[in-house]
file work.cif (mmCIF, C-alpha atoms)
data_protein
#
loop_
_atom_site.group_PDB
_atom_site.id
_atom_site.type_symbol
_atom_site.label_atom_id
_atom_site.label_comp_id
_atom_site.auth_asym_id
_atom_site.auth_seq_id
_atom_site.Cartn_x
_atom_site.Cartn_y
_atom_site.Cartn_z
ATOM 1 C CA MET A 1 0.443 -14.421 8.282
ATOM 2 C CA THR A 2 -0.291 -10.788 9.200
ATOM 3 C CA THR A 3 2.272 -8.399 10.729
ATOM 4 C CA ALA A 4 0.551 -8.608 14.136
ATOM 5 C CA GLU A 5 0.616 -12.418 14.018
ATOM 6 C CA ARG A 6 4.338 -12.364 13.172
ATOM 7 C CA TYR A 7 5.131 -10.044 16.095
ATOM 8 C CA VAL A 8 3.024 -12.065 18.561
ATOM 9 C CA THR A 9 4.732 -15.278 17.405
ATOM 10 C CA ALA A 10 8.127 -13.582 17.811
ATOM 11 C CA ALA A 11 7.258 -12.453 21.365
ATOM 12 C CA TYR A 12 6.256 -15.972 22.471
ATOM 13 C CA CYS A 13 9.269 -17.508 20.687
ATOM 14 C CA VAL A 14 11.598 -15.081 22.527
ATOM 15 C CA VAL A 15 10.106 -16.177 25.879
ATOM 16 C CA PHE A 16 10.508 -19.874 25.140
ATOM 17 C CA ALA A 17 13.944 -19.548 23.569
ATOM 18 C CA LEU A 18 15.282 -17.682 26.612
ATOM 19 C CA VAL A 19 13.728 -20.132 29.099
ATOM 20 C CA LEU A 20 15.018 -23.085 27.054
ATOM 21 C CA VAL A 21 18.563 -21.680 26.899
ATOM 22 C CA TYR A 22 18.466 -21.079 30.665
ATOM 23 C CA VAL A 23 17.229 -24.634 31.388
ATOM 24 C CA VAL A 24 19.877 -26.169 29.107
ATOM 25 C CA ILE A 25 22.665 -24.137 30.786
ATOM 26 C CA ILE A 26 21.503 -25.136 34.292
ATOM 27 C CA ALA A 27 21.010 -28.797 33.267
ATOM 28 C CA LEU A 28 24.553 -28.992 31.804
ATOM 29 C CA LYS A 29 25.950 -27.366 34.947
ATOM 30 C CA LEU A 30 24.062 -29.797 37.188
ATOM 31 C CA GLN A 31 25.398 -32.767 35.194
ATOM 32 C CA ARG A 32 28.960 -31.484 35.516
ATOM 33 C CA LEU A 33 28.584 -30.838 39.254
ATOM 34 C CA GLU A 34 27.076 -34.284 39.861
ATOM 35 C CA ARG A 35 30.051 -35.891 38.076
ATOM 36 C CA GLU A 36 32.429 -33.818 40.224
ATOM 37 C CA VAL A 37 30.624 -34.787 43.441
ATOM 38 C CA ALA A 38 30.802 -38.471 42.461
ATOM 39 C CA ALA A 39 34.536 -38.135 41.781
ATOM 40 C CA LEU A 40 35.322 -36.188 44.958
ATOM 41 C CA GLU A 41 33.130 -38.006 47.493
ATOM 42 C CA PRO A 42 35.099 -40.501 49.584
ATOM 43 C CA LYS A 43 34.425 -44.065 48.500
ATOM 44 C CA PRO A 44 32.745 -46.271 51.159
ATOM 45 C CA THR A 45 35.298 -48.397 52.987
ATOM 46 C CA GLU A 46 35.032 -52.158 52.954
ATOM 47 C CA THR A 47 35.497 -52.566 56.703
ATOM 48 C CA GLY A 48 31.804 -52.756 57.531
ATOM 49 C CA GLY A 49 31.378 -56.346 56.273
ATOM 50 C CA ASN A 50 32.813 -59.445 57.953
ATOM 51 C CA GLY A 51 35.722 -57.496 59.335
ATOM 52 C CA MET B 1 12.073 -32.556 58.198
ATOM 53 C CA GLY B 2 11.369 -28.870 57.861
ATOM 54 C CA ARG B 3 11.595 -29.069 54.087
ATOM 55 C CA SER B 4 9.707 -32.348 53.605
ATOM 56 C CA TYR B 5 6.484 -30.489 52.597
ATOM 57 C CA ARG B 6 8.179 -29.208 49.442
ATOM 58 C CA ILE B 7 6.930 -30.361 46.060
ATOM 59 C CA SER B 8 9.576 -32.365 44.180
ATOM 60 C CA LEU B 9 11.382 -30.749 41.256
ATOM 61 C CA PRO B 10 10.118 -33.282 38.634
ATOM 62 C CA ALA B 11 6.516 -32.684 39.827
ATOM 63 C CA LEU B 12 7.047 -28.933 39.509
ATOM 64 C CA ALA B 13 8.543 -29.323 36.017
ATOM 65 C CA VAL B 14 5.557 -31.403 34.848
ATOM 66 C CA SER B 15 3.126 -28.882 36.409
ATOM 67 C CA SER B 16 4.906 -26.024 34.616
ATOM 68 C CA LEU B 17 4.737 -27.829 31.288
ATOM 69 C CA VAL B 18 1.026 -28.645 31.660
ATOM 70 C CA LEU B 19 0.085 -25.147 32.847
ATOM 71 C CA VAL B 20 2.116 -23.318 30.175
ATOM 72 C CA THR B 21 0.617 -25.572 27.453
ATOM 73 C CA LEU B 22 -2.887 -24.896 28.813
ATOM 74 C CA ALA B 23 -2.177 -21.157 28.955
ATOM 75 C CA LEU B 24 -0.938 -21.148 25.338
ATOM 76 C CA ALA B 25 -4.014 -23.071 24.188
ATOM 77 C CA LEU B 26 -6.251 -20.499 25.904
ATOM 78 C CA VAL B 27 -4.235 -17.538 24.536
ATOM 79 C CA PHE B 28 -4.325 -18.687 20.908
ATOM 80 C CA PHE B 29 -7.531 -20.732 20.619
ATOM 81 C CA VAL B 30 -10.013 -19.564 23.274
ATOM 82 C CA ALA B 31 -9.422 -15.915 24.281
ATOM 83 C CA PRO B 32 -11.367 -13.511 22.051
ATOM 84 C CA THR B 33 -9.558 -11.018 19.827
ATOM 85 C CA ASP B 34 -9.453 -7.581 21.435
ATOM 86 C CA ALA B 35 -11.687 -4.998 19.739
ATOM 87 C CA ASP B 36 -9.098 -2.166 20.070
ATOM 88 C CA GLN B 37 -5.705 -3.796 19.611
ATOM 89 C CA GLY B 38 -6.669 -6.859 17.598
ATOM 90 C CA PHE B 39 -4.427 -9.941 17.534
ATOM 91 C CA SER B 40 -1.416 -8.147 19.049
ATOM 92 C CA GLN B 41 -3.238 -7.921 22.411
ATOM 93 C CA ARG B 42 -2.451 -11.644 22.863
ATOM 94 C CA ILE B 43 1.054 -10.643 23.970
ATOM 95 C CA PHE B 44 -0.622 -9.164 27.074
ATOM 96 C CA TYR B 45 -1.270 -12.563 28.699
ATOM 97 C CA PHE B 46 2.401 -13.514 29.035
ATOM 98 C CA HIS B 47 3.862 -9.987 29.138
ATOM 99 C CA VAL B 48 1.826 -8.934 32.207
ATOM 100 C CA SER B 49 2.172 -12.355 33.881
ATOM 101 C CA ILE B 50 5.951 -12.220 33.444
ATOM 102 C CA ALA B 51 6.059 -8.632 34.769
ATOM 103 C CA PHE B 52 4.180 -9.571 37.973
ATOM 104 C CA THR B 53 6.397 -12.627 38.367
ATOM 105 C CA ALA B 54 9.526 -10.445 38.045
ATOM 106 C CA TYR B 55 8.164 -8.161 40.799
ATOM 107 C CA LEU B 56 7.449 -11.245 42.932
ATOM 108 C CA ALA B 57 10.978 -12.589 42.380
ATOM 109 C CA PHE B 58 12.569 -9.252 43.335
ATOM 110 C CA GLY B 59 10.252 -9.105 46.372
ATOM 111 C CA LEU B 60 11.236 -12.647 47.368
ATOM 112 C CA GLY B 61 14.904 -11.715 46.946
ATOM 113 C CA ALA B 62 14.433 -8.747 49.278
ATOM 114 C CA TRP B 63 12.520 -10.850 51.815
ATOM 115 C CA LYS B 64 15.262 -13.503 51.864
ATOM 116 C CA ALA B 65 17.828 -10.697 52.223
ATOM 117 C CA LEU B 66 15.931 -9.460 55.279
ATOM 118 C CA VAL B 67 15.851 -13.006 56.697
ATOM 119 C CA HIS B 68 19.607 -13.239 56.141
ATOM 120 C CA LEU B 69 20.286 -9.961 57.963
ATOM 121 C CA TRP B 70 17.896 -10.944 60.752
ATOM 122 C CA LYS B 71 18.934 -14.555 61.356
ATOM 123 C CA ARG B 72 22.380 -14.640 59.679
ATOM 124 C CA ASP B 73 21.228 -17.658 57.708
ATOM 125 C CA PRO B 74 23.605 -18.449 54.785
ATOM 126 C CA ASN B 75 20.775 -20.351 53.040
ATOM 127 C CA ALA B 76 18.717 -17.143 52.974
ATOM 128 C CA ASP B 77 21.615 -15.329 51.255
ATOM 129 C CA LEU B 78 21.769 -18.009 48.557
ATOM 130 C CA GLU B 79 17.970 -17.976 48.139
ATOM 131 C CA SER B 80 17.990 -14.172 47.879
ATOM 132 C CA TYR B 81 20.666 -14.327 45.167
ATOM 133 C CA VAL B 82 18.764 -16.977 43.153
ATOM 134 C CA ALA B 83 15.445 -15.093 43.480
ATOM 135 C CA ILE B 84 17.059 -11.881 42.198
ATOM 136 C CA HIS B 85 18.634 -13.832 39.332
ATOM 137 C CA GLN B 86 15.151 -15.109 38.415
ATOM 138 C CA GLY B 87 13.843 -11.551 38.663
ATOM 139 C CA VAL B 88 16.483 -10.325 36.221
ATOM 140 C CA ILE B 89 15.736 -13.151 33.769
ATOM 141 C CA PHE B 90 11.999 -12.474 33.906
ATOM 142 C CA GLY B 91 12.688 -8.727 33.839
ATOM 143 C CA SER B 92 14.599 -9.095 30.571
ATOM 144 C CA LEU B 93 11.625 -11.053 29.186
ATOM 145 C CA VAL B 94 9.292 -8.208 30.214
ATOM 146 C CA LEU B 95 11.473 -5.708 28.348
ATOM 147 C CA LEU B 96 11.736 -7.912 25.247
ATOM 148 C CA THR B 97 8.024 -8.800 25.006
ATOM 149 C CA GLY B 98 7.074 -5.215 25.908
ATOM 150 C CA SER B 99 9.270 -3.840 23.123
ATOM 151 C CA ILE B 100 7.695 -6.174 20.585
ATOM 152 C CA TRP B 101 4.210 -5.200 21.752
ATOM 153 C CA ALA B 102 5.150 -1.503 21.669
ATOM 154 C CA LYS B 103 6.400 -1.852 18.099
ATOM 155 C CA ILE B 104 3.053 -3.258 16.929
ATOM 156 C CA SER B 105 0.840 -0.936 18.981
ATOM 157 C CA TRP B 106 2.786 2.355 19.026
ATOM 158 C CA GLY B 107 5.198 1.918 16.110
ATOM 159 C CA HIS B 108 8.243 2.261 18.405
ATOM 160 C CA TRP B 109 10.431 -0.347 20.121
ATOM 161 C CA TRP B 110 10.909 1.964 23.099
ATOM 162 C CA LEU B 111 9.553 5.316 24.338
ATOM 163 C CA TRP B 112 11.665 7.278 26.834
ATOM 164 C CA SER B 113 8.645 9.493 27.580
ATOM 165 C CA GLU B 114 6.793 6.584 29.221
ATOM 166 C CA ASN B 115 7.357 6.525 32.995
ATOM 167 C CA GLN B 116 6.224 2.918 33.338
ATOM 168 C CA LEU B 117 8.848 1.712 30.842
ATOM 169 C CA VAL B 118 11.684 3.843 32.179
ATOM 170 C CA LEU B 119 10.988 2.946 35.826
ATOM 171 C CA PHE B 120 10.871 -0.753 35.013
ATOM 172 C CA LEU B 121 14.199 -0.353 33.184
ATOM 173 C CA VAL B 122 15.646 1.406 36.272
ATOM 174 C CA LEU B 123 14.421 -1.457 38.490
ATOM 175 C CA PHE B 124 15.891 -4.010 36.077
ATOM 176 C CA LEU B 125 19.270 -2.235 35.857
ATOM 177 C CA PHE B 126 19.374 -1.784 39.645
ATOM 178 C CA TYR B 127 19.045 -5.530 40.172
ATOM 179 C CA ALA B 128 21.393 -6.293 37.256
ATOM 180 C CA ALA B 129 24.004 -4.215 39.108
ATOM 181 C CA TYR B 130 23.427 -6.456 42.180
ATOM 182 C CA PHE B 131 25.541 -9.107 40.451
ATOM 183 C CA MET B 132 28.390 -6.655 39.819
ATOM 184 C CA LEU B 133 28.409 -5.823 43.530
ATOM 185 C CA ARG B 134 28.135 -9.445 44.623
ATOM 186 C CA PHE B 135 30.935 -10.722 42.422
ATOM 187 C CA SER B 136 33.269 -7.837 43.210
ATOM 188 C CA VAL B 137 33.496 -9.010 46.856
ATOM 189 C CA GLU B 138 35.136 -12.218 48.095
ATOM 190 C CA PRO B 139 32.653 -14.906 49.196
ATOM 191 C CA GLY B 140 31.878 -14.737 52.895
ATOM 192 C CA PRO B 141 29.768 -12.873 55.459
ATOM 193 C CA GLN B 142 30.765 -9.437 54.131
ATOM 194 C CA ARG B 143 29.550 -10.258 50.622
ATOM 195 C CA ALA B 144 26.320 -11.748 51.986
ATOM 196 C CA ASN B 145 25.632 -8.663 54.127
ATOM 197 C CA LEU B 146 26.397 -6.154 51.350
ATOM 198 C CA SER B 147 24.252 -8.088 48.874
ATOM 199 C CA ALA B 148 21.373 -8.282 51.366
ATOM 200 C CA VAL B 149 21.409 -4.529 52.065
ATOM 201 C CA TYR B 150 21.515 -3.771 48.314
ATOM 202 C CA ALA B 151 18.617 -6.182 47.640
ATOM 203 C CA LEU B 152 16.554 -4.487 50.349
ATOM 204 C CA PHE B 153 17.123 -1.017 48.875
ATOM 205 C CA GLY B 154 15.877 -2.214 45.492
ATOM 206 C CA VAL B 155 12.533 -3.318 46.882
ATOM 207 C CA ILE B 156 11.556 0.365 47.243
ATOM 208 C CA LEU B 157 11.586 0.618 43.441
ATOM 209 C CA ILE B 158 8.929 -2.103 43.042
ATOM 210 C CA PRO B 159 5.887 -0.074 44.226
ATOM 211 C CA VAL B 160 7.304 3.023 42.477
ATOM 212 C CA SER B 161 7.535 1.112 39.190
ATOM 213 C CA PHE B 162 4.107 -0.475 39.667
ATOM 214 C CA LEU B 163 2.334 2.750 40.630
ATOM 215 C CA ALA B 164 4.108 5.024 38.124
ATOM 216 C CA ILE B 165 1.539 4.544 35.418
ATOM 217 C CA ARG B 166 -1.326 5.090 37.844
ATOM 218 C CA LEU B 167 0.149 8.399 38.986
ATOM 219 C CA ALA B 168 1.012 9.675 35.510
ATOM 220 C CA GLN B 169 -1.174 12.301 33.866
ATOM 221 C CA HIS B 170 -0.444 11.347 30.274
ATOM 222 C CA PHE B 171 0.396 7.875 29.148
ATOM 223 C CA ILE B 172 -0.147 5.477 26.316
ATOM 224 C CA HIS B 173 0.831 2.309 28.193
ATOM 225 C CA PRO B 174 -2.489 0.537 28.889
ATOM 226 C CA VAL B 175 -3.767 0.208 32.486
ATOM 227 C CA VAL B 176 -5.743 -2.974 32.999
ATOM 228 C CA PHE B 177 -5.666 -3.192 36.799
ATOM 229 C CA THR B 178 -7.293 -0.218 38.495
ATOM 230 C CA ARG B 179 -8.776 0.415 41.966
ATOM 231 C CA ASP B 180 -12.013 -1.071 40.619
ATOM 232 C CA GLY B 181 -10.267 -4.339 39.756
ATOM 233 C CA PRO B 182 -9.256 -5.787 36.382
ATOM 234 C CA GLN B 183 -10.747 -3.956 33.393
ATOM 235 C CA PHE B 184 -11.689 -7.175 31.631
ATOM 236 C CA GLY B 185 -13.684 -10.310 32.332
ATOM 237 C CA GLY B 186 -14.879 -13.589 30.857
ATOM 238 C CA TRP B 187 -12.356 -15.605 28.866
ATOM 239 C CA ILE B 188 -9.823 -12.753 28.842
ATOM 240 C CA LEU B 189 -9.703 -12.806 32.657
ATOM 241 C CA ALA B 190 -9.678 -16.625 32.789
ATOM 242 C CA THR B 191 -6.838 -16.789 30.236
ATOM 243 C CA TYR B 192 -4.869 -14.158 32.102
ATOM 244 C CA LEU B 193 -5.292 -15.983 35.440
ATOM 245 C CA VAL B 194 -4.189 -19.326 33.976
ATOM 246 C CA SER B 195 -1.189 -17.606 32.302
ATOM 247 C CA GLN B 196 -0.282 -15.894 35.576
ATOM 248 C CA VAL B 197 -0.379 -19.157 37.537
ATOM 249 C CA ALA B 198 1.593 -20.926 34.775
ATOM 250 C CA ILE B 199 4.352 -18.297 34.772
ATOM 251 C CA ILE B 200 4.591 -18.247 38.583
ATOM 252 C CA VAL B 201 4.874 -22.058 38.699
ATOM 253 C CA LEU B 202 7.471 -21.937 35.878
ATOM 254 C CA ALA B 203 9.478 -19.283 37.736
ATOM 255 C CA TYR B 204 9.319 -21.273 40.987
ATOM 256 C CA THR B 205 10.484 -24.400 39.135
ATOM 257 C CA LEU B 206 13.446 -22.504 37.653
ATOM 258 C CA TYR B 207 14.183 -21.011 41.100
ATOM 259 C CA ARG B 208 14.286 -24.465 42.684
ATOM 260 C CA LEU B 209 16.371 -25.844 39.788
ATOM 261 C CA GLU B 210 18.953 -23.083 40.071
ATOM 262 C CA LEU B 211 18.977 -23.336 43.874
ATOM 263 C CA SER B 212 19.727 -27.062 43.713
ATOM 264 C CA GLY B 213 22.587 -26.282 41.313
ATOM 265 C CA LYS B 214 24.001 -23.630 43.661
ATOM 266 C CA ARG B 215 23.806 -26.004 46.646
ATOM 267 C CA LEU B 216 25.548 -28.728 44.653
ATOM 268 C CA ASP B 217 28.236 -26.197 43.691
ATOM 269 C CA LEU B 218 28.802 -25.391 47.389
ATOM 270 C CA ARG B 219 29.096 -29.118 48.127
ATOM 271 C CA VAL B 220 31.721 -29.553 45.384
ATOM 272 C CA ARG B 221 33.715 -26.619 46.802
ATOM 273 C CA ALA B 222 33.541 -28.124 50.320
ATOM 274 C CA LEU B 223 34.665 -31.526 49.002
ATOM 275 C CA ARG B 224 37.554 -29.880 47.118
ATOM 276 C CA ARG B 225 38.666 -28.062 50.290
ATOM 277 C CA ALA B 226 38.462 -31.302 52.263
ATOM 278 C CA ALA B 227 40.475 -33.138 49.616
ATOM 279 C CA ALA B 228 43.182 -30.440 49.437
#
call {"tool": "encode", "arguments": {"input": "work.cif", "output": "structure tokens"}}
result
Amino acid sequence: MTTAERYVTAAYCVVFALVLVYVVIIALKLQRLEREVAALEPKPTETGGNG
Amino acid sequence: MGRSYRISLPALAVSSLVLVTLALALVFFVAPTDADQGFSQRIFYFHVSIAFTAYLAFGLGAWKALVHLWKRDPNADLESYVAIHQGVIFGSLVLLTGSIWAKISWGHWWLWSENQLVLFLVLFLFYAAYFMLRFSVEPGPQRANLSAVYALFGVILIPVSFLAIRLAQHFIHPVVFTRDGPQFGGWILATYLVSQVAIIVLAYTLYRLELSGKRLDLRVRALRRAAA
């Protein structure tokens, strides 16, 4: 592998590493928030059935 | 109903993946090797695409800031914030890929004598400081208004940064887009266009992903307040 090839590979790896880290952080945050919403949302009451 | 025309997030994610894969295949297997710069010129396809996308994100952030100030829409404030965050992420990628390219081509990671580089750094730091301003003020209308005004000031730097190289007398940073259009054609142009579309779609996907996270965060805060 030539020096130029190594640098070009490094540049593209930097782009994908940063995007991947960002996506992982946001995905983990979304999972946590969805769990919190599920825990905080009022549960549906059971009065709508036969009464 | 107003938002029903929007493409779903999974569809956007798949589109990003397909387009970025196609762009990479074109960059490494189809685009010809540049006669002047050799293999290192292949950084150009993503570096320039990411730079234009960063400008677009900052521009979108400023536009949403204007909408917020005009209509007092809290959604526009949130969208402005997320767009600027995307701009800063893509801006950092421009600086990183640009430094790597500079090291191969010029033998330096950074050149303070280059107006294009310094002005992009100024633009990047200006918008990085946006977050310091935003998080130093309590959430509410005052924070939204201050952030919007700051975001609008920054948009002036975009044409300055973009035109700097065209106005400079001496430069070593290459100029590929002139008044006569792009200074390349054939597969180089096709590869660049595919890369540009791929990076814009990727940035829009990340924008929508982060926006959905921010909206969910607001919902959790509202639920917590209601439960308290």
call {"tool": "closest_atom_pairs", "arguments": {"input": "work.cif", "of": "chain A", "to": "chain B", "cutoff": "10 Å", "atoms": "all atoms listed in the file", "output": "JSON lines"}}
result
{"residue": "A:Thr2", "atom": "CA", "partner": "B:Phe39", "partner_atom": "CA", "distance": 9.3}
{"residue": "A:Thr3", "atom": "CA", "partner": "B:Ile104", "partner_atom": "CA", "distance": 8.1}
{"residue": "A:Ala4", "atom": "CA", "partner": "B:Ser40", "partner_atom": "CA", "distance": 5.3}
{"residue": "A:Glu5", "atom": "CA", "partner": "B:Phe39", "partner_atom": "CA", "distance": 6.6}
{"residue": "A:Arg6", "atom": "CA", "partner": "B:Ser40", "partner_atom": "CA", "distance": 9.2}
{"residue": "A:Tyr7", "atom": "CA", "partner": "B:Ile100", "partner_atom": "CA", "distance": 6.5}
{"residue": "A:Val8", "atom": "CA", "partner": "B:Ile43", "partner_atom": "CA", "distance": 5.9}
{"residue": "A:Thr9", "atom": "CA", "partner": "B:Ile43", "partner_atom": "CA", "distance": 8.8}
{"residue": "A:Ala10", "atom": "CA", "partner": "B:Ile100", "partner_atom": "CA", "distance": 7.9}
{"residue": "A:Ala11", "atom": "CA", "partner": "B:Thr97", "partner_atom": "CA", "distance": 5.2}
{"residue": "A:Tyr12", "atom": "CA", "partner": "B:Ile43", "partner_atom": "CA", "distance": 7.6}
{"residue": "A:Cys13", "atom": "CA", "partner": "B:Thr97", "partner_atom": "CA", "distance": 9.8}
{"residue": "A:Val14", "atom": "CA", "partner": "B:Thr97", "partner_atom": "CA", "distance": 7.6}
{"residue": "A:Val15", "atom": "CA", "partner": "B:Leu93", "partner_atom": "CA", "distance": 6.3}
{"residue": "A:Phe16", "atom": "CA", "partner": "B:Leu93", "partner_atom": "CA", "distance": 9.8}
{"residue": "A:Leu18", "atom": "CA", "partner": "B:Leu93", "partner_atom": "CA", "distance": 8.0}
{"residue": "A:Val19", "atom": "CA", "partner": "B:Ile89", "partner_atom": "CA", "distance": 8.6}
{"residue": "A:Tyr22", "atom": "CA", "partner": "B:Leu206", "partner_atom": "CA", "distance": 8.7}
{"residue": "A:Val23", "atom": "CA", "partner": "B:Leu206", "partner_atom": "CA", "distance": 7.6}
{"residue": "A:Ile26", "atom": "CA", "partner": "B:Glu210", "partner_atom": "CA", "distance": 6.6}
{"residue": "A:Ala27", "atom": "CA", "partner": "B:Leu209", "partner_atom": "CA", "distance": 8.5}
{"residue": "A:Lys29", "atom": "CA", "partner": "B:Gly213", "partner_atom": "CA", "distance": 7.3}
{"residue": "A:Leu30", "atom": "CA", "partner": "B:Gly213", "partner_atom": "CA", "distance": 5.6}
{"residue": "A:Gln31", "atom": "CA", "partner": "B:Gly213", "partner_atom": "CA", "distance": 9.3}
{"residue": "A:Arg32", "atom": "CA", "partner": "B:Asp217", "partner_atom": "CA", "distance": 9.8}
{"residue": "A:Leu33", "atom": "CA", "partner": "B:Asp217", "partner_atom": "CA", "distance": 6.4}
{"residue": "A:Glu34", "atom": "CA", "partner": "B:Leu216", "partner_atom": "CA", "distance": 7.5}
{"residue": "A:Arg35", "atom": "CA", "partner": "B:Val220", "partner_atom": "CA", "distance": 9.8}
{"residue": "A:Glu36", "atom": "CA", "partner": "B:Val220", "partner_atom": "CA", "distance": 6.7}
{"residue": "A:Val37", "atom": "CA", "partner": "B:Val220", "partner_atom": "CA", "distance": 5.7}
{"residue": "A:Ala38", "atom": "CA", "partner": "B:Val220", "partner_atom": "CA", "distance": 9.4}
{"residue": "A:Ala39", "atom": "CA", "partner": "B:Val220", "partner_atom": "CA", "distance": 9.7}
{"residue": "A:Leu40", "atom": "CA", "partner": "B:Leu223", "partner_atom": "CA", "distance": 6.2}
{"residue": "A:Glu41", "atom": "CA", "partner": "B:Leu223", "partner_atom": "CA", "distance": 6.8}
{"residue": "A:Pro42", "atom": "CA", "partner": "B:Leu223", "partner_atom": "CA", "distance": 9.0}
call {"tool": "write_last_selection", "arguments": {"input": "work.cif", "atoms": "C-alpha atoms", "output": "CSV table (one decimal), keeping the file's coordinate frame"}}
result
chain,number,residue,atom,x,y,z
A,2,THR,CA,-0.3,-10.8,9.2
A,3,THR,CA,2.3,-8.4,10.7
A,4,ALA,CA,0.6,-8.6,14.1
A,5,GLU,CA,0.6,-12.4,14.0
A,6,ARG,CA,4.3,-12.4,13.2
A,7,TYR,CA,5.1,-10.0,16.1
A,8,VAL,CA,3.0,-12.1,18.6
A,9,THR,CA,4.7,-15.3,17.4
A,10,ALA,CA,8.1,-13.6,17.8
A,11,ALA,CA,7.3,-12.5,21.4
A,12,TYR,CA,6.3,-16.0,22.5
A,13,CYS,CA,9.3,-17.5,20.7
A,14,VAL,CA,11.6,-15.1,22.5
A,15,VAL,CA,10.1,-16.2,25.9
A,16,PHE,CA,10.5,-19.9,25.1
A,18,LEU,CA,15.3,-17.7,26.6
A,19,VAL,CA,13.7,-20.1,29.1
A,22,TYR,CA,18.5,-21.1,30.7
A,23,VAL,CA,17.2,-24.6,31.4
A,26,ILE,CA,21.5,-25.1,34.3
A,27,ALA,CA,21.0,-28.8,33.3
A,29,LYS,CA,26.0,-27.4,34.9
A,30,LEU,CA,24.1,-29.8,37.2
A,31,GLN,CA,25.4,-32.8,35.2
A,32,ARG,CA,29.0,-31.5,35.5
A,33,LEU,CA,28.6,-30.8,39.3
A,34,GLU,CA,27.1,-34.3,39.9
A,35,ARG,CA,30.1,-35.9,38.1
A,36,GLU,CA,32.4,-33.8,40.2
A,37,VAL,CA,30.6,-34.8,43.4
A,38,ALA,CA,30.8,-38.5,42.5
A,39,ALA,CA,34.5,-38.1,41.8
A,40,LEU,CA,35.3,-36.2,45.0
A,41,GLU,CA,33.1,-38.0,47.5
A,42,PRO,CA,35.1,-40.5,49.6
call {"tool": "atom_distance", "arguments": {"input": "work.cif", "atom1": "CA of Ala25 (chain B)", "atom2": "CA of Ile25 (chain A)"}}
result
27.5 Å
call {"tool": "atom_distance", "arguments": {"input": "work.cif", "atom1": "CA of Ala144 (chain B)", "atom2": "CA of Leu121 (chain B)"}}
result
25.1 Å
call {"tool": "atom_distance", "arguments": {"input": "work.cif", "atom1": "CA of Ile200 (chain B)", "atom2": "CA of Thr53 (chain B)"}}
result
5.9 Å
call {"tool": "residues_around", "arguments": {"input": "work.cif", "residues": "Ile199 (chain B)", "least_positions_apart": "2", "cutoff": "10 Å", "atoms": "all atoms listed in the file", "output": "tab-separated table (two decimals) with C-alpha atoms, keeping the file's coordinate frame"}}
result
chain	number	residue	atom	x	y	z
B	16	SER	CA	4.91	-26.02	34.62
B	19	LEU	CA	0.08	-25.15	32.85
B	20	VAL	CA	2.12	-23.32	30.18
B	23	ALA	CA	-2.18	-21.16	28.96
B	46	PHE	CA	2.40	-13.51	29.04
B	49	SER	CA	2.17	-12.36	33.88
B	50	ILE	CA	5.95	-12.22	33.44
B	51	ALA	CA	6.06	-8.63	34.77
B	52	PHE	CA	4.18	-9.57	37.97
B	53	THR	CA	6.40	-12.63	38.37
B	54	ALA	CA	9.53	-10.44	38.04
B	90	PHE	CA	12.00	-12.47	33.91
B	193	LEU	CA	-5.29	-15.98	35.44
B	194	VAL	CA	-4.19	-19.33	33.98
B	195	SER	CA	-1.19	-17.61	32.30
B	196	GLN	CA	-0.28	-15.89	35.58
B	197	VAL	CA	-0.38	-19.16	37.54
B	201	VAL	CA	4.87	-22.06	38.70
B	202	LEU	CA	7.47	-21.94	35.88
B	203	ALA	CA	9.48	-19.28	37.74
B	204	TYR	CA	9.32	-21.27	40.99
B	205	THR	CA	10.48	-24.40	39.14
call {"tool": "resolve_selection", "arguments": {"input": "work.cif", "expression": "the PyMOL selection byres ((chain B and resi 119) around 9)", "output": "ChimeraX atom specification"}}
result
/B:114-118,120-124,157,160-162,164
call {"tool": "residues_around", "arguments": {"input": "work.cif", "residues": "Leu133 (chain B)", "least_positions_apart": "5", "cutoff": "9 Å", "atoms": "all atoms listed in the file", "output": "list in words"}}
result
Arg143, Leu146, Ser147 and Tyr150 of chain B
call {"tool": "resolve_selection", "arguments": {"input": "work.cif", "expression": "the PyMOL selection byres ((chain B and resi 59-76) around 9)", "output": "list in words"}}
result
Ala54, Tyr55, Leu56, Ala57, Phe58, Asp77, Leu78, Glu79, Ser80, Tyr81, Val82, Ala83, Ile84, His85, Gly87, Pro141, Ala144, Asn145, Ser147, Ala148, Val149, Tyr150, Ala151, Leu152, Phe153, Gly154, Val155 and Ile158 of chain B
call {"tool": "axis_aligned_box", "arguments": {"input": "work.cif", "around": "region 22-41 of chain A", "padding_each_side": "5 Å", "output": "lines of an AutoDock Vina configuration file"}}
result
center_x = 26.3
center_y = -29.8
center_z = 38.3
size_x = 28.1
size_y = 27.4
size_z = 28.4
call {"tool": "closest_residue", "arguments": {"input": "work.cif", "among": "B:Leu17, B:Ala228, B:Ile188, B:Arg6", "to": "Thr33 (chain B)", "atoms": "all atoms listed in the file"}}
result
B:Ile188
call {"tool": "build_atoms", "arguments": {"input": "work.cif", "residues": "region 26-30 of chain A", "atoms": "N, CA and C atoms", "output": "short mmCIF file (atom, residue, chain, number, x, y, z; two decimals), in the coordinates of the input"}}
result
data_model
loop_
_atom_site.label_atom_id
_atom_site.label_comp_id
_atom_site.auth_asym_id
_atom_site.auth_seq_id
_atom_site.Cartn_x
_atom_site.Cartn_y
_atom_site.Cartn_z
N ILE A 26 21.56 -24.61 32.91
CA ILE A 26 21.50 -25.14 34.29
C ILE A 26 21.62 -26.66 34.28
N ALA A 27 20.96 -27.33 33.33
CA ALA A 27 21.01 -28.80 33.27
C ALA A 27 22.44 -29.27 33.01
N LEU A 28 23.16 -28.61 32.09
CA LEU A 28 24.55 -28.99 31.80
C LEU A 28 25.43 -28.78 33.03
N LYS A 29 25.17 -27.66 33.74
CA LYS A 29 25.95 -27.37 34.95
C LYS A 29 25.69 -28.41 36.04
N LEU A 30 24.42 -28.78 36.19
CA LEU A 30 24.06 -29.80 37.19
C LEU A 30 24.73 -31.14 36.88
#
